[in-house]
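Next comes coords.txt, with compact mmCIF, C-alpha atoms.
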# COMPACT_ATOMS: atom_id res chain seq x y z
CA MET A 234 121.24 119.52 109.31
CA GLY A 235 124.41 120.97 110.73
CA SER A 236 124.69 123.26 113.73
CA GLY A 237 125.73 126.30 111.74
CA LYS A 238 125.02 129.92 112.47
CA ILE A 239 121.41 130.69 113.34
CA THR A 240 119.80 133.33 111.19
CA ARG A 241 116.29 134.68 110.90
CA GLU A 242 116.38 134.67 107.11
CA GLY A 243 112.89 133.93 105.85
CA SER A 244 111.38 134.72 109.28
CA LEU A 245 111.37 138.51 109.09
CA GLU A 246 107.61 138.39 108.66
CA ALA A 247 105.35 137.86 111.66
CA PRO A 248 104.93 134.19 112.63
CA THR A 249 101.85 132.59 111.14
CA ARG A 250 100.03 129.43 112.19
CA HIS A 251 98.83 126.74 109.83
CA PRO A 252 95.51 125.01 110.55
CA ILE A 253 95.74 121.87 112.69
CA ASP A 254 94.89 119.09 110.25
CA TRP A 255 93.62 116.81 113.00
CA GLN A 256 90.83 115.24 110.94
CA SER A 257 93.19 113.83 108.28
CA ASN A 258 94.48 110.26 108.27
CA ASP A 259 98.09 111.43 108.07
CA PHE A 260 97.77 113.36 111.35
CA TRP A 261 97.15 110.08 113.21
CA ASP A 262 99.71 107.96 111.32
CA LYS A 263 102.48 107.11 113.77
CA ASP A 264 105.18 106.58 111.12
CA SER A 265 104.36 109.98 109.62
CA LEU A 266 104.41 111.52 113.10
CA ASN A 267 107.82 110.01 113.95
CA LYS A 268 109.23 111.24 110.66
CA GLU A 269 108.14 114.79 111.44
CA LEU A 270 109.36 114.53 115.03
CA GLU A 271 112.77 113.44 113.76
CA ARG A 272 112.89 116.33 111.29
CA VAL A 273 111.97 118.98 113.85
CA TYR A 274 114.10 117.47 116.62
CA ASP A 275 117.08 117.65 114.26
CA ILE A 276 116.42 121.33 113.58
CA CYS A 277 116.09 122.04 117.31
CA HIS A 278 119.32 120.11 117.96
CA GLY A 279 121.17 122.37 115.53
CA CYS A 280 119.80 125.52 117.11
CA ARG A 281 119.27 125.01 120.86
CA ARG A 282 118.18 128.58 121.55
CA CYS A 283 115.01 127.37 123.37
CA VAL A 284 116.95 125.40 125.98
CA SER A 285 115.97 127.74 128.83
CA LEU A 286 112.22 127.78 128.19
CA CYS A 287 110.98 124.47 129.53
CA ASP A 288 112.18 120.92 130.11
CA SER A 289 111.22 119.62 126.65
CA PHE A 290 114.40 120.97 125.11
CA PRO A 291 116.89 119.86 127.80
CA THR A 292 115.24 116.42 127.65
CA LEU A 293 115.69 116.32 123.86
CA PHE A 294 119.28 117.54 123.93
CA ASP A 295 120.22 115.06 126.68
CA LEU A 296 118.77 112.20 124.63
CA ILE A 297 120.83 113.29 121.64
CA ASP A 298 124.05 114.01 123.53
CA GLU A 299 123.89 110.68 125.36
CA SER A 300 123.21 108.65 122.18
CA GLU A 301 125.90 106.73 120.33
CA THR A 302 125.88 109.06 117.32
CA MET A 303 125.23 112.28 119.26
CA GLU A 304 122.69 113.07 116.56
CA VAL A 305 118.93 112.56 116.37
CA ASP A 306 119.36 109.32 114.42
CA GLY A 307 120.94 107.83 117.54
CA VAL A 308 117.83 108.40 119.67
CA ASP A 309 115.41 105.49 120.06
CA LYS A 310 112.04 106.55 118.64
CA ALA A 311 110.45 105.03 121.73
CA ASP A 312 112.09 107.89 123.66
CA TYR A 313 110.59 110.61 121.48
CA HIS A 314 107.60 110.86 123.78
CA LYS A 315 109.82 111.79 126.75
CA VAL A 316 110.20 115.18 125.06
CA VAL A 317 106.45 115.44 124.41
CA GLU A 318 105.62 114.77 128.07
CA GLN A 319 107.48 117.91 129.15
CA CYS A 320 105.61 120.24 126.77
CA TYR A 321 102.61 122.04 128.26
CA LEU A 322 101.78 123.99 125.09
CA CYS A 323 102.77 127.42 126.42
CA ASP A 324 103.68 128.43 122.82
CA MET A 325 106.63 130.53 123.94
CA CYS A 326 109.17 128.69 121.78
CA TYR A 327 107.02 129.45 118.74
CA MET A 328 106.28 133.07 119.60
CA ALA A 329 109.50 134.28 121.21
CA LYS A 330 112.47 132.11 120.27
CA CYS A 331 112.26 129.92 117.18
CA PRO A 332 113.65 131.51 113.98
CA TYR A 333 112.24 128.74 111.80
CA VAL A 334 108.51 129.19 112.27
CA PRO A 335 106.28 129.74 109.21
CA PRO A 336 106.74 131.47 106.82
CA HIS A 337 110.30 130.09 107.05
CA GLU A 338 110.73 127.20 104.63
CA TRP A 339 111.57 124.81 107.48
CA ASN A 340 108.04 125.34 108.80
CA VAL A 341 108.67 124.50 112.46
CA ASP A 342 105.67 124.62 114.81
CA PHE A 343 107.01 122.79 117.83
CA PRO A 344 103.94 123.25 120.10
CA HIS A 345 101.46 121.96 117.54
CA LEU A 346 103.76 119.05 116.71
CA MET A 347 103.76 118.24 120.42
CA LEU A 348 99.97 118.52 120.37
CA ARG A 349 99.84 116.03 117.51
CA ALA A 350 102.13 113.65 119.40
CA LYS A 351 100.01 113.99 122.54
CA ALA A 352 96.86 113.27 120.53
CA VAL A 353 98.31 110.14 118.91
CA HIS A 354 99.57 108.92 122.28
CA PHE A 355 96.20 109.59 123.94
CA ARG A 356 94.32 107.71 121.24
CA GLU A 357 96.66 104.72 121.65
CA HIS A 358 97.05 104.69 125.44
CA GLY A 359 94.42 106.95 126.98
CA ALA A 360 95.29 108.89 130.14
CA SER A 361 96.01 108.04 133.75
CA LYS A 362 93.23 108.26 136.30
CA ARG A 363 94.85 111.34 137.79
CA ASP A 364 95.19 113.16 134.49
CA SER A 365 91.63 112.28 133.51
CA ILE A 366 90.34 113.74 136.78
CA LEU A 367 92.51 116.86 136.82
CA THR A 368 91.50 117.79 133.27
CA ASN A 369 87.80 117.18 133.85
CA THR A 370 87.31 120.58 135.45
CA ASP A 371 83.54 120.64 134.95
CA MET A 372 82.99 117.34 136.77
CA VAL A 373 85.36 118.17 139.62
CA GLY A 374 83.91 121.66 139.98
CA LYS A 375 80.31 120.45 140.11
CA LEU A 376 81.05 117.74 142.67
CA ALA A 377 83.37 119.80 144.88
CA SER A 378 81.02 122.81 144.95
CA ILE A 379 78.02 120.91 146.34
CA PRO A 380 76.95 122.65 149.59
CA PHE A 381 78.91 121.30 152.60
CA VAL A 382 80.98 119.14 150.27
CA ASP A 383 82.95 122.26 149.34
CA VAL A 384 83.78 122.91 153.01
CA THR A 385 84.98 119.33 153.45
CA VAL A 386 87.05 119.36 150.26
CA ASN A 387 88.72 122.65 151.19
CA LYS A 388 89.62 121.38 154.67
CA LEU A 389 90.99 118.10 153.36
CA ASN A 390 93.14 119.91 150.78
CA LYS A 391 94.80 121.77 153.66
CA ASN A 392 95.32 118.63 155.75
CA PRO A 393 98.92 117.28 155.51
CA THR A 394 97.88 113.67 156.14
CA PHE A 395 95.24 113.77 153.41
CA ARG A 396 97.62 115.48 150.99
CA ASN A 397 100.25 112.78 151.56
CA MET A 398 97.60 110.14 150.85
CA LEU A 399 96.55 112.05 147.72
CA GLU A 400 100.14 112.08 146.52
CA SER A 401 100.60 108.35 147.17
CA ASN A 402 97.33 107.29 145.55
CA LEU A 403 96.82 109.85 142.80
CA GLY A 404 100.19 111.49 142.15
CA VAL A 405 99.15 115.03 143.18
CA HIS A 406 102.15 116.58 144.91
CA HIS A 407 101.50 117.18 148.61
CA GLN A 408 103.02 120.69 148.55
CA ALA A 409 101.30 121.93 145.39
CA PRO A 410 98.62 124.54 146.16
CA VAL A 411 95.21 123.51 144.86
CA PRO A 412 92.22 125.84 144.38
CA GLU A 413 89.37 126.19 146.83
CA TYR A 414 85.78 125.41 145.82
CA HIS A 415 82.66 127.45 146.53
CA SER A 416 79.09 126.22 146.67
CA ASN A 417 78.01 129.83 146.17
CA THR A 418 79.25 129.84 142.58
CA LEU A 419 79.49 132.86 140.31
CA ARG A 420 76.36 131.77 138.46
CA LYS A 421 74.46 131.82 141.74
CA ARG A 422 75.82 135.24 142.70
CA VAL A 423 75.62 137.12 139.44
CA ALA A 424 71.88 137.65 138.85
CA PRO A 425 71.44 140.51 141.39
CA MET A 426 74.59 142.21 140.07
CA VAL A 427 73.63 142.47 136.40
CA LYS A 428 72.40 145.94 135.50
CA SER A 429 71.17 146.93 132.09
CA ILE A 430 73.54 149.54 130.68
CA GLU A 431 72.91 151.09 127.30
CA ALA A 432 75.71 149.85 125.08
CA GLN A 433 77.90 152.49 123.47
CA SER A 434 80.00 151.27 120.56
CA MET A 435 83.60 152.52 120.45
CA GLY A 436 86.04 151.43 117.76
CA ARG A 437 86.08 147.62 117.66
CA THR A 438 84.04 147.28 120.86
CA THR A 439 80.25 147.28 121.18
CA GLY A 440 80.08 148.13 124.90
CA LYS A 441 77.94 145.03 125.42
CA THR A 442 79.91 142.11 126.85
CA ALA A 443 79.29 138.52 127.85
CA LEU A 444 81.65 136.94 130.38
CA PHE A 445 82.65 133.33 129.73
CA ALA A 446 83.05 132.57 133.44
CA THR A 447 85.31 129.51 132.97
CA CYS A 448 85.39 126.59 135.38
CA TYR A 449 87.83 128.47 137.57
CA GLY A 450 85.79 131.66 137.63
CA ASN A 451 82.57 129.86 138.45
CA TYR A 452 83.66 127.26 141.01
CA ASN A 453 87.03 128.37 142.39
CA SER A 454 87.07 132.16 142.34
CA PRO A 455 83.53 133.55 142.02
CA LYS A 456 84.62 136.82 143.63
CA LEU A 457 86.84 137.43 140.61
CA GLY A 458 83.79 137.39 138.36
CA GLU A 459 82.17 139.93 140.65
CA ASP A 460 85.24 142.16 140.23
CA PHE A 461 84.87 141.94 136.46
CA ILE A 462 81.22 142.94 136.57
CA LYS A 463 81.82 145.85 138.96
CA VAL A 464 84.73 147.27 136.94
CA PHE A 465 83.00 146.95 133.58
CA GLN A 466 79.79 148.51 134.90
CA HIS A 467 81.86 151.34 136.39
CA ASN A 468 83.11 151.94 132.85
CA LYS A 469 79.54 152.00 131.50
CA ILE A 470 79.93 148.64 129.77
CA HIS A 471 77.04 146.22 129.94
CA MET A 472 78.11 142.81 131.20
CA GLU A 473 76.31 139.54 131.83
CA LEU A 474 77.35 135.91 131.90
CA VAL A 475 77.33 133.69 128.85
CA LYS A 476 73.99 131.89 129.03
CA THR A 477 75.44 128.40 129.42
CA GLU A 478 78.96 127.04 129.17
CA VAL A 479 81.20 124.04 129.66
CA CYS A 480 84.99 123.98 130.01
CA CYS A 481 86.68 125.76 127.10
CA GLY A 482 88.61 122.56 126.35
CA MET A 483 92.16 123.75 127.03
CA PRO A 484 92.88 121.12 129.75
CA LYS A 485 91.81 118.34 127.40
CA LEU A 486 93.80 119.92 124.55
CA GLU A 487 96.94 119.81 126.68
CA LEU A 488 96.18 116.14 127.39
CA GLY A 489 95.77 115.38 123.67
CA ASP A 490 92.12 114.39 124.02
CA LEU A 491 90.87 116.07 120.85
CA ASP A 492 87.54 114.24 120.92
CA ALA A 493 86.78 115.92 124.26
CA VAL A 494 87.86 119.26 122.78
CA HIS A 495 85.47 118.65 119.90
CA GLN A 496 82.61 117.93 122.29
CA ALA A 497 83.33 121.10 124.29
CA LYS A 498 83.34 123.06 121.04
CA ARG A 499 79.95 121.60 120.08
CA ASN A 500 78.52 122.73 123.42
CA ASN A 501 80.08 126.20 123.62
CA ILE A 502 80.30 127.61 120.11
CA PRO A 503 76.55 127.66 119.25
CA VAL A 504 75.80 129.52 122.50
CA LEU A 505 78.63 132.00 122.00
CA TYR A 506 77.77 132.50 118.35
CA GLU A 507 74.17 133.31 119.24
CA MET A 508 75.35 135.97 121.70
CA VAL A 509 77.70 137.42 119.09
CA GLN A 510 74.74 137.64 116.71
CA GLN A 511 72.94 139.60 119.43
CA GLY A 512 75.76 142.15 119.49
CA PHE A 513 77.81 140.86 122.41
CA ASP A 514 81.58 141.03 122.67
CA LEU A 515 83.10 138.11 124.56
CA ILE A 516 85.71 138.02 127.32
CA ALA A 517 87.01 135.50 129.87
CA PRO A 518 89.00 135.98 133.11
CA VAL A 519 91.68 133.36 132.30
CA PRO A 520 94.11 133.87 129.36
CA SER A 521 94.13 130.16 128.46
CA CYS A 522 90.38 130.22 127.86
CA VAL A 523 90.66 133.38 125.75
CA LEU A 524 93.43 131.75 123.71
CA MET A 525 91.32 128.65 123.17
CA PHE A 526 88.67 130.69 121.36
CA LYS A 527 91.10 133.14 119.74
CA GLN A 528 93.61 130.62 118.40
CA GLU A 529 93.27 126.90 119.05
CA LEU A 530 89.66 126.30 118.01
CA PRO A 531 89.97 128.51 114.91
CA LEU A 532 93.06 126.49 113.88
CA MET A 533 91.22 123.22 114.48
CA TYR A 534 88.12 124.45 112.60
CA PRO A 535 89.42 126.97 110.06
CA ASP A 536 86.31 126.74 107.86
CA ASP A 537 83.69 126.90 110.61
CA GLU A 538 81.82 130.18 110.24
CA GLN A 539 80.59 130.19 113.83
CA VAL A 540 84.04 129.50 115.29
CA LEU A 541 85.53 132.36 113.25
CA ALA A 542 82.75 134.75 114.32
CA VAL A 543 83.41 133.89 117.97
CA LYS A 544 87.14 134.39 117.42
CA LYS A 545 86.55 137.88 116.05
CA ALA A 546 84.36 138.82 119.02
CA PHE A 547 86.65 137.44 121.75
CA PHE A 548 88.89 139.84 123.68
CA ASP A 549 91.31 139.69 126.57
CA PRO A 550 89.58 141.80 129.27
CA PHE A 551 92.35 144.37 129.57
CA GLU A 552 92.71 144.49 125.81
CA TYR A 553 89.03 145.42 125.80
CA LEU A 554 89.43 148.16 128.40
CA PHE A 555 92.46 149.55 126.55
CA LEU A 556 90.53 149.70 123.28
CA ARG A 557 87.86 151.70 125.12
CA HIS A 558 90.56 153.92 126.62
CA LYS A 559 91.88 154.75 123.14
CA GLU A 560 88.42 156.04 122.27
CA GLY A 561 88.13 158.07 125.48
CA GLY A 562 85.77 155.57 127.10
CA PHE A 563 87.81 154.38 130.09
CA ASN A 564 87.21 155.85 133.54
CA THR A 565 90.48 157.18 134.99
CA ASP A 566 88.93 158.64 138.17
CA PHE A 567 90.73 156.49 140.75
CA ALA A 568 90.23 156.62 144.51
CA GLN A 569 93.53 155.08 145.65
CA ASP A 570 96.94 154.12 144.34
CA LEU A 571 98.52 150.67 144.38
CA GLY A 572 102.22 151.41 144.82
CA ASP A 573 104.56 148.75 143.43
CA VAL A 574 102.97 145.75 141.74
CA ALA A 575 104.95 142.66 140.73
CA TYR A 576 103.09 141.65 137.59
CA HIS A 577 103.62 138.23 136.01
CA VAL A 578 102.73 138.17 132.30
CA ALA A 579 101.08 134.80 131.63
CA CYS A 580 102.41 132.83 128.64
CA HIS A 581 98.95 132.38 127.10
CA LEU A 582 98.48 136.13 127.33
CA ARG A 583 101.79 136.85 125.58
CA VAL A 584 100.85 134.46 122.78
CA GLN A 585 97.85 136.64 121.93
CA ASN A 586 100.23 139.32 120.58
CA ILE A 587 98.28 142.23 122.01
CA GLY A 588 101.09 143.78 124.05
CA LEU A 589 101.02 144.37 127.81
CA LYS A 590 97.56 145.87 128.03
CA THR A 591 97.10 144.90 131.68
CA ARG A 592 100.24 146.84 132.55
CA ASP A 593 99.11 149.78 130.43
CA ILE A 594 95.73 150.03 132.14
CA LEU A 595 97.05 149.62 135.69
CA SER A 596 99.78 152.18 134.96
CA LEU A 597 97.06 154.80 134.54
CA ILE A 598 96.48 154.62 138.29
CA PRO A 599 98.42 157.47 140.03
CA ASN A 600 101.44 156.53 142.14
CA THR A 601 101.36 152.99 140.80
CA VAL A 602 104.36 151.23 139.25
CA ILE A 603 103.87 147.95 137.42
CA HIS A 604 106.90 145.65 137.21
CA PRO A 605 106.19 143.08 134.45
CA GLN A 606 107.91 139.70 134.60
CA GLU A 607 107.83 138.06 131.16
CA ARG A 608 108.93 134.56 132.10
CA CYS A 609 106.92 131.38 132.57
CA SER A 610 105.53 130.82 136.07
CA GLY A 611 105.99 127.07 135.74
CA HIS A 612 102.39 126.37 136.72
CA ASP A 613 101.12 125.54 133.26
CA GLY A 614 97.81 123.80 133.81
CA THR A 615 98.50 120.64 135.79
CA TYR A 616 102.30 120.58 135.38
CA ALA A 617 103.02 122.16 138.79
CA VAL A 618 100.54 119.87 140.54
CA LYS A 619 101.87 116.52 139.33
CA LYS A 620 104.26 114.63 141.58
CA GLU A 621 106.72 113.88 138.77
CA THR A 622 106.95 117.44 137.42
CA ARG A 623 106.55 119.57 140.56
CA ASP A 624 110.31 120.07 140.99
CA LYS A 625 110.69 120.98 137.31
CA SER A 626 107.91 123.56 137.61
CA ILE A 627 109.72 125.15 140.54
CA LYS A 628 112.94 125.31 138.52
CA ILE A 629 111.11 126.99 135.63
CA ALA A 630 109.53 129.51 138.02
CA ARG A 631 112.81 130.33 139.77
CA PRO A 632 113.78 133.42 137.66
CA VAL A 633 110.34 134.99 138.21
CA VAL A 634 110.36 134.17 141.92
CA ARG A 635 113.81 135.70 142.29
CA LYS A 636 112.61 138.97 140.72
CA ILE A 637 109.49 139.00 142.90
CA ASN A 638 111.59 138.54 146.02
CA GLN A 639 113.90 141.38 144.98
CA LEU A 640 111.05 143.79 144.21
CA GLU A 641 109.32 143.47 147.60
CA ALA A 642 106.20 144.90 145.97
CA LYS A 643 102.93 145.48 147.76
CA TYR A 644 100.98 143.26 145.37
CA LEU A 645 101.70 140.20 143.26
CA ALA A 646 99.40 139.81 140.26
CA SER A 647 98.99 137.73 137.14
CA ASP A 648 96.15 137.49 134.63
CA CYS A 649 96.35 133.74 135.31
CA PRO A 650 95.00 133.17 138.84
CA MET A 651 96.70 129.76 139.10
CA ALA A 652 100.07 131.35 138.29
CA THR A 653 99.52 133.93 141.03
CA THR A 654 98.85 131.19 143.57
CA HIS A 655 101.87 129.17 142.42
CA LEU A 656 104.25 132.15 142.57
CA THR A 657 102.92 133.27 145.95
CA ASN A 658 103.51 129.77 147.27
CA LEU A 659 107.14 129.87 146.10
CA SER A 660 108.06 133.47 146.90
CA GLU A 661 109.39 134.81 150.19
CA THR A 662 107.73 138.23 150.12
CA ASP A 663 104.61 139.51 151.82
CA ALA A 664 103.14 140.71 148.52
CA GLN A 665 99.37 140.32 148.49
CA PRO A 666 98.27 137.93 145.71
CA SER A 667 95.60 139.52 143.51
CA HIS A 668 94.14 139.43 140.04
CA PRO A 669 94.71 142.64 138.05
CA MET A 670 90.94 143.14 137.79
CA THR A 671 90.69 142.91 141.58
CA LEU A 672 93.39 145.57 141.83
CA LEU A 673 91.52 147.77 139.38
CA ARG A 674 88.33 147.45 141.41
CA MET A 675 90.32 148.33 144.51
CA ALA A 676 91.83 151.39 142.83
CA TYR A 677 88.35 152.59 141.89
CA GLY A 678 87.25 152.17 145.50
CA LEU A 679 84.29 150.04 144.44
CA SER A 680 82.50 148.16 147.21
Could you quickly redo this structure as structure tokens?
Amino acid sequence: MGSGKITREGSLEAPTRHPIDWQSNDFWDKDSLNKELERVYDICHGCRRCVSLCDSFPTLFDLIDESETMEVDGVDKADYHKVVEQCYLCDMCYMAKCPYVPPHEWNVDFPHLMLRAKAVHFREHGASKRDSILTNTDMVGKLASIPFVDVTVNKLNKNPTFRNMLESNLGVHHQAPVPEYHSNTLRKRVAPMVKSIEAQSMGRTTGKTALFATCYGNYNSPKLGEDFIKVFQHNKIHMELVKTEVCCGMPKLELGDLDAVHQAKRNNIPVLYEMVQQGFDLIAPVPSCVLMFKQELPLMYPDDEQVLAVKKAFFDPFEYLFLRHKEGGFNTDFAQDLGDVAYHVACHLRVQNIGLKTRDILSLIPNTVIHPQERCSGHDGTYAVKKETRDKSIKIARPVVRKINQLEAKYLASDCPMATTHLTNLSETDAQPSHPMTLLRMAYGLS
């Protein structure tokens, strides 16, 4: 195709996603994959409006511009995967930039094409030891949260000598912040906190919620789960933990290990479906986990009745509170204000197309001003932790960091706890890093 004027003709309707046909033979056929990569790369080459989003597009355009023909046909197909390696499936090109997404006739879904390429590559080559470990969040969490082991792990992760050894031997950048681990996990803490509250249905919500704790919420930030329970109970919403769970599967999805995603689905969906049948709504404290159940699994299993029921019952937590607020069921009796809050809007939250509900809820607090930053943090799962992509993650985060430094807000918050940590590590302000739910608990004055 030529590089003519970009129009949105045919894309005036809302973007729509096609199911991921990962169980077909064609999905795994490398010749078929390369043909589709060439087609989409050529479209992207003629457009180039996504060049500022991540490093996938600059990598692609450099390959083309440095080729003999200066077109996609001049790029060695062996180099196609260099583009794939820089995609962390944030979905922002699909949702915010590309004019050629379905229902446009060109049918471009760049993130899910990258997912297909990652899956084919993983099936052929597997993953490095580092990537296998970093994406096995259940295993790492269980081992690192053993009593006394957690103390040792946390100390070592703050030790410069150990971190340099970790970088040399495993490729984890020595300056990348890594999460702490807690032997007193959320599942150990939660039982005394759960109070039976009579559920009151309002609009789409039942008033009876189950929290999918996530690996991060259980092992790395159990206090965050406590904040969720306190805030929801304060709003007369019953909350308890999902009975059992494993990782949602998003880390393995980003790696292209679809068999591991399938196994996680087999473990989680029956449990979640049973709770939905008992009248529970579902939430999770991390946007990526919410998106996994709202979008990715339903697209991988479009005919699975249980997956679709779970999708319908899954909410972003602040989406849930806002729906209650619309029906007059949200408590606006706050004990203290928050002042200025630098609020990073996580990519996997934006993809859910629910608007800025976290901002809307926190803005109800008197004398509180929320400053949303709708750019990628550059953390993106393991991207900011890897030695070879750490510098690129910092470059991607730079516009957000610059705004945070200019704001000099009292708090820095993101619905993605890892993004908050990453941005705090890069910023030069004294803003206190917090999750929005923690801020809400604070505003209520809840002990």
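With all atoms listed in the file as the atoms that count, the minimum distance from Tyr449 (chain A) to the choices A:Ala517, A:Leu595, A:Leu399, A:Val504 is reached by A:Ala517.
Of the residues listed (A:Gly279, A:Pro344, A:Pro455, A:Gly588), A:Pro344 shows the shortest atom-to-atom separation from Cys320 (chain A); distances use all atoms listed in the file.
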Selection near region 544-561 of chain A, 8 Å with only C-alpha atoms, sequence-local residues under 3 positions removed, as an MDAnalysis selection string: chainID A and resid 435:438 509 513:518 520 523 526:528 531 540:541 564 587 590:591 593:594
Proximity to Leu348 (chain A) - best of A:Ala360, A:Pro410, A:Ile253, A:Gly614, all atoms listed in the file: A:Ile253
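Taking all atoms listed in the file into account, His358 (chain A) lies nearest to A:Leu488 out of the set A:Ala542, A:Leu488, A:Val578, A:Val475.
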Residue neighbourhood Lys375 (chain A), 10 Å, only C-alpha atoms, exclusion window fewer than 6 positions, as an MDAnalysis selection string: chainID A and resid 383 414:416 418 448 451:452
Gap from CA of Ala575 (chain A) to CA of Val602 (chain A) - Å, one decimal: 8.7 Å
Point-to-point distance in Å for CA of Pro380 (chain A) and CA of Asp460 (chain A): 23.2 Å
Cut-off 12 Å around (100.8, 138.0, 113.3) with all atoms listed in the file: residues as a ChimeraX atom specification: /A:244-251,327-328,334-336,528,584-587
What are the closest atom pairs, with distances in Å to one decimal, for each residue of region 535-620 of chain A lying within 9 Å of region 632-643 of chain A, using only C-alpha atoms, rows by chain and rising residue number, as CSV?
residue,atom,partner,partner_atom,distance
A:Leu571,CA,A:Lys643,CA,7.6
A:Gly572,CA,A:Lys643,CA,6.7
A:Asp573,CA,A:Ala642,CA,4.9
A:Val574,CA,A:Ala642,CA,5.4
A:Ala575,CA,A:Ala642,CA,5.8
A:Tyr576,CA,A:Ile637,CA,8.7
A:His577,CA,A:Val633,CA,7.8
A:His604,CA,A:Leu640,CA,8.3
A:Gln606,CA,A:Val633,CA,6.4
A:Glu607,CA,A:Val633,CA,8.1
A:Arg608,CA,A:Val633,CA,6.3
A:Cys609,CA,A:Val633,CA,7.5
A:Ser610,CA,A:Val633,CA,6.7
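Coordinates place CA of Cys287 (chain A) at a distance of 20.2 Å from CA of Lys485 (chain A).
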Best match for closeness to Asn468 (chain A) among A:Tyr677, A:Tyr616, A:Tyr321, A:Tyr506, counting only C-alpha atoms: A:Tyr677
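The residue that comes closest to Lys351 (chain A), out of A:Gln466, A:Gln319, A:Ser401, A:Gln539 and on the basis of only C-alpha atoms, is A:Gln319.
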Missing atoms in region 641-654 of chain A need filling: write out N, CA and C atoms for it as a short mmCIF file (atom, residue, chain, number, x, y, z; two decimals), in the frame of the given file.
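That gives us out.cif:
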data_model
loop_
_atom_site.label_atom_id
_atom_site.label_comp_id
_atom_site.auth_asym_id
_atom_site.auth_seq_id
_atom_site.Cartn_x
_atom_site.Cartn_y
_atom_site.Cartn_z
N GLU A 641 110.03 143.21 146.35
CA GLU A 641 109.32 143.47 147.60
C GLU A 641 108.13 144.40 147.36
N ALA A 642 107.36 144.08 146.33
CA ALA A 642 106.20 144.90 145.97
C ALA A 642 105.05 144.68 146.95
N LYS A 643 104.10 145.59 146.89
CA LYS A 643 102.93 145.48 147.76
C LYS A 643 101.99 144.39 147.28
N TYR A 644 101.89 144.24 145.95
CA TYR A 644 100.98 143.26 145.37
C TYR A 644 101.72 142.37 144.38
N LEU A 645 101.24 141.14 144.27
CA LEU A 645 101.70 140.20 143.26
C LEU A 645 100.49 139.81 142.42
N ALA A 646 100.57 140.04 141.11
CA ALA A 646 99.40 139.81 140.26
C ALA A 646 99.79 139.11 138.98
N SER A 647 98.87 138.33 138.46
CA SER A 647 98.99 137.73 137.14
C SER A 647 97.59 137.59 136.58
N ASP A 648 97.46 137.70 135.25
CA ASP A 648 96.15 137.49 134.63
C ASP A 648 95.71 136.04 134.79
N CYS A 649 96.66 135.14 135.04
CA CYS A 649 96.35 133.74 135.31
C CYS A 649 96.29 133.54 136.82
N PRO A 650 95.11 133.30 137.39
CA PRO A 650 95.00 133.17 138.84
C PRO A 650 95.82 132.01 139.40
N MET A 651 95.93 130.91 138.63
CA MET A 651 96.70 129.76 139.10
C MET A 651 98.19 130.10 139.19
N ALA A 652 98.67 130.92 138.25
CA ALA A 652 100.07 131.35 138.29
C ALA A 652 100.33 132.21 139.52
N THR A 653 99.38 133.08 139.84
CA THR A 653 99.52 133.93 141.03
C THR A 653 99.66 133.08 142.28
N THR A 654 98.81 132.07 142.40
CA THR A 654 98.85 131.19 143.57
C THR A 654 100.18 130.43 143.63
#
